[in-house]
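First comes the structure, then the notes that go with it.
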Amino acid sequence: MSLRNYLISRVFLLQVFLAALIIAVLGYLFMHWLTFTTNHGNVIVVPNLSKLTEEQVEDKLDGLDLTYVLLDSLDYRSDYPKSSVVQQDPLPGAKVKEGRKIYIKINASGFSSVKVPNLIEKTYREAGPTLKALGLEEGTITYIPNLGKDMVLDMRYKGRSIKPGDRVLKSSKIDLVLGDGKASYEEDIRTDSIVEPAEEIPNEQ
């Protein structure tokens with residue numbers, strides 16, 4: 001049989017048909033497998049986990065076939081419950097696939113303590129940034145007569161004087177007592193009360 005006759009024979013055409021059918025079936029199965037393994041078209045909307053505890057996060061994500069990873073705890077924030085979620089990634093509303101990990105950071109269980117810095121004889125301009133850098137807040141500012149204008153003369157916490165090195169909770173308010181740049185009344189009195197030594201009068205002979 002010549003090649004031309006073979007190419008138009010029923011046997012050859014049947015083989016071509018069977019080969020095309022096998023390729024089509026394999027292609028369909030491959031696409032079905034690919035769709036199944038990648039969850040193509042099956043997305044999950046990430047829920048808002050803010051202010052939830054770890055137990056609540058686990059329960060909520062289990063129902064959505066998602067998991068979570070705890071990255072770290074952040075400094076305590078009073079506007080969030082203790083040990084609750086403060087940050088999450090991906091953000092709420094993001095669309096992810098089944099099994100995606102949600103990374104969370106939680107609020108600390110309470111304020112940590114810090115040492116009070118030495119602000120005595122520092123200027124008010126220096127004191128503010130120093131307190132802020134340590135996580136402390138500036139409280140009430142009081143002025144008393146003193147030549148050192150805006151110089152820190154005393155630090156107070158809840159009405160009592162505190163010394164450098166004392167420990168207070170983060171976010172505590174530290175009241176500052178500053179000089180008003182004027183001499184005190186007592187100092188004026190002491191200055192005025194100094195009597196100049198009397199001149200000696202020579203004895204007349």
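Each chain of the structure tokens is named A, B, ... in the order shown, its residues numbered from 1; ligands are numbered from 1 in display order.
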With only C-alpha atoms as the counted atoms, please give the residues lying no more than 12 Å from Leu91 of chain A, apart from itself and same-chain residues fewer than 6 positions off, as a ChimeraX atom specification.
/A:45-50,101-104
Run DSSP on the backbone and tell me which residues of segment 28-204 of chain A come out as strand (DSSP E or B); list them as a PyMOL selection string.
chain A and resi 43-45+67-74+85-89+95-97+101-107+113-115+123+137-149+151-157+160-162+167-169+173-179+182
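Closest approach to Ser113 of chain A among A:Asp175, A:Asp59, A:Asp154, A:Asp75 is made by A:Asp75 (distances from only C-alpha atoms).
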Can you list, as a count of residues only, every protein, DNA or RNA residue that comes within 12 Å of segment 135-151 of chain A when you count only C-alpha atoms, leaving out same-chain residues fewer than 2 positions away?
54
Within segment 29-186 of chain A, find each residue whose DSSP state, derived from the backbone, is helix (DSSP H, G or I), and express the selection as a VMD selection string.
chain A and resid 29 to 38 54 to 62 124 to 133 185 to 186
Asp72 of chain A surroundings by only C-alpha atoms, 12 Å radius, close-in-sequence under 3 positions cut, as a PyMOL selection string
chain A and resi 69+75+83-88+103-108
Output of the above residues as a short mmCIF file (atom, residue, chain, number, x, y, z; two decimals), in the first residue's frame, restricted to N, CA and C atoms:
data_model
loop_
_atom_site.label_atom_id
_atom_site.label_comp_id
_atom_site.auth_asym_id
_atom_site.auth_seq_id
_atom_site.Cartn_x
_atom_site.Cartn_y
_atom_site.Cartn_z
N VAL A 69 -0.14 32.40 62.13
CA VAL A 69 1.21 32.33 62.70
C VAL A 69 1.38 33.57 63.58
N ASP A 75 4.20 46.41 72.18
CA ASP A 75 4.04 47.16 73.43
C ASP A 75 2.56 47.34 73.75
N SER A 83 -3.46 40.78 75.22
CA SER A 83 -3.22 39.56 74.43
C SER A 83 -4.18 39.41 73.25
N SER A 84 -4.65 40.52 72.71
CA SER A 84 -5.53 40.46 71.54
C SER A 84 -4.77 40.92 70.29
N VAL A 85 -5.33 40.61 69.12
CA VAL A 85 -4.67 40.92 67.86
C VAL A 85 -4.67 42.43 67.61
N VAL A 86 -3.47 42.94 67.32
CA VAL A 86 -3.31 44.36 67.01
C VAL A 86 -3.06 44.55 65.51
N GLN A 87 -2.29 43.64 64.91
CA GLN A 87 -1.96 43.72 63.49
C GLN A 87 -2.13 42.35 62.84
N GLN A 88 -2.49 42.35 61.56
CA GLN A 88 -2.60 41.10 60.82
C GLN A 88 -2.17 41.31 59.38
N TYR A 103 -0.66 36.06 59.32
CA TYR A 103 0.35 36.43 60.31
C TYR A 103 -0.22 37.52 61.23
N ILE A 104 -0.09 37.30 62.54
CA ILE A 104 -0.68 38.24 63.50
C ILE A 104 0.36 38.69 64.53
N LYS A 105 0.11 39.88 65.08
CA LYS A 105 0.87 40.41 66.21
C LYS A 105 -0.14 40.79 67.28
N ILE A 106 0.17 40.44 68.53
CA ILE A 106 -0.80 40.64 69.60
C ILE A 106 -0.34 41.70 70.59
N ASN A 107 -1.29 42.21 71.33
CA ASN A 107 -1.03 43.21 72.35
C ASN A 107 -0.38 42.56 73.57
N ALA A 108 0.58 43.24 74.18
CA ALA A 108 1.20 42.70 75.39
C ALA A 108 0.17 42.60 76.51
#
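Note that the spacing between atom CA of Lys95 of chain A and atom CA of Val43 of chain A amounts to 5.8 Å.
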What is the atom CA of Arg100 of chain A to atom CA of Thr53 of chain A distance in Å?
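According to the coordinates, atom CA of Arg100 of chain A and atom CA of Thr53 of chain A are separated by 19.3 Å.
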Provide the atom CA of Glu58 of chain A to atom CA of Gly99 of chain A distance in Å, to one decimal place.
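Taking atom CA of Glu58 of chain A and atom CA of Gly99 of chain A, their separation equals 12.9 Å.
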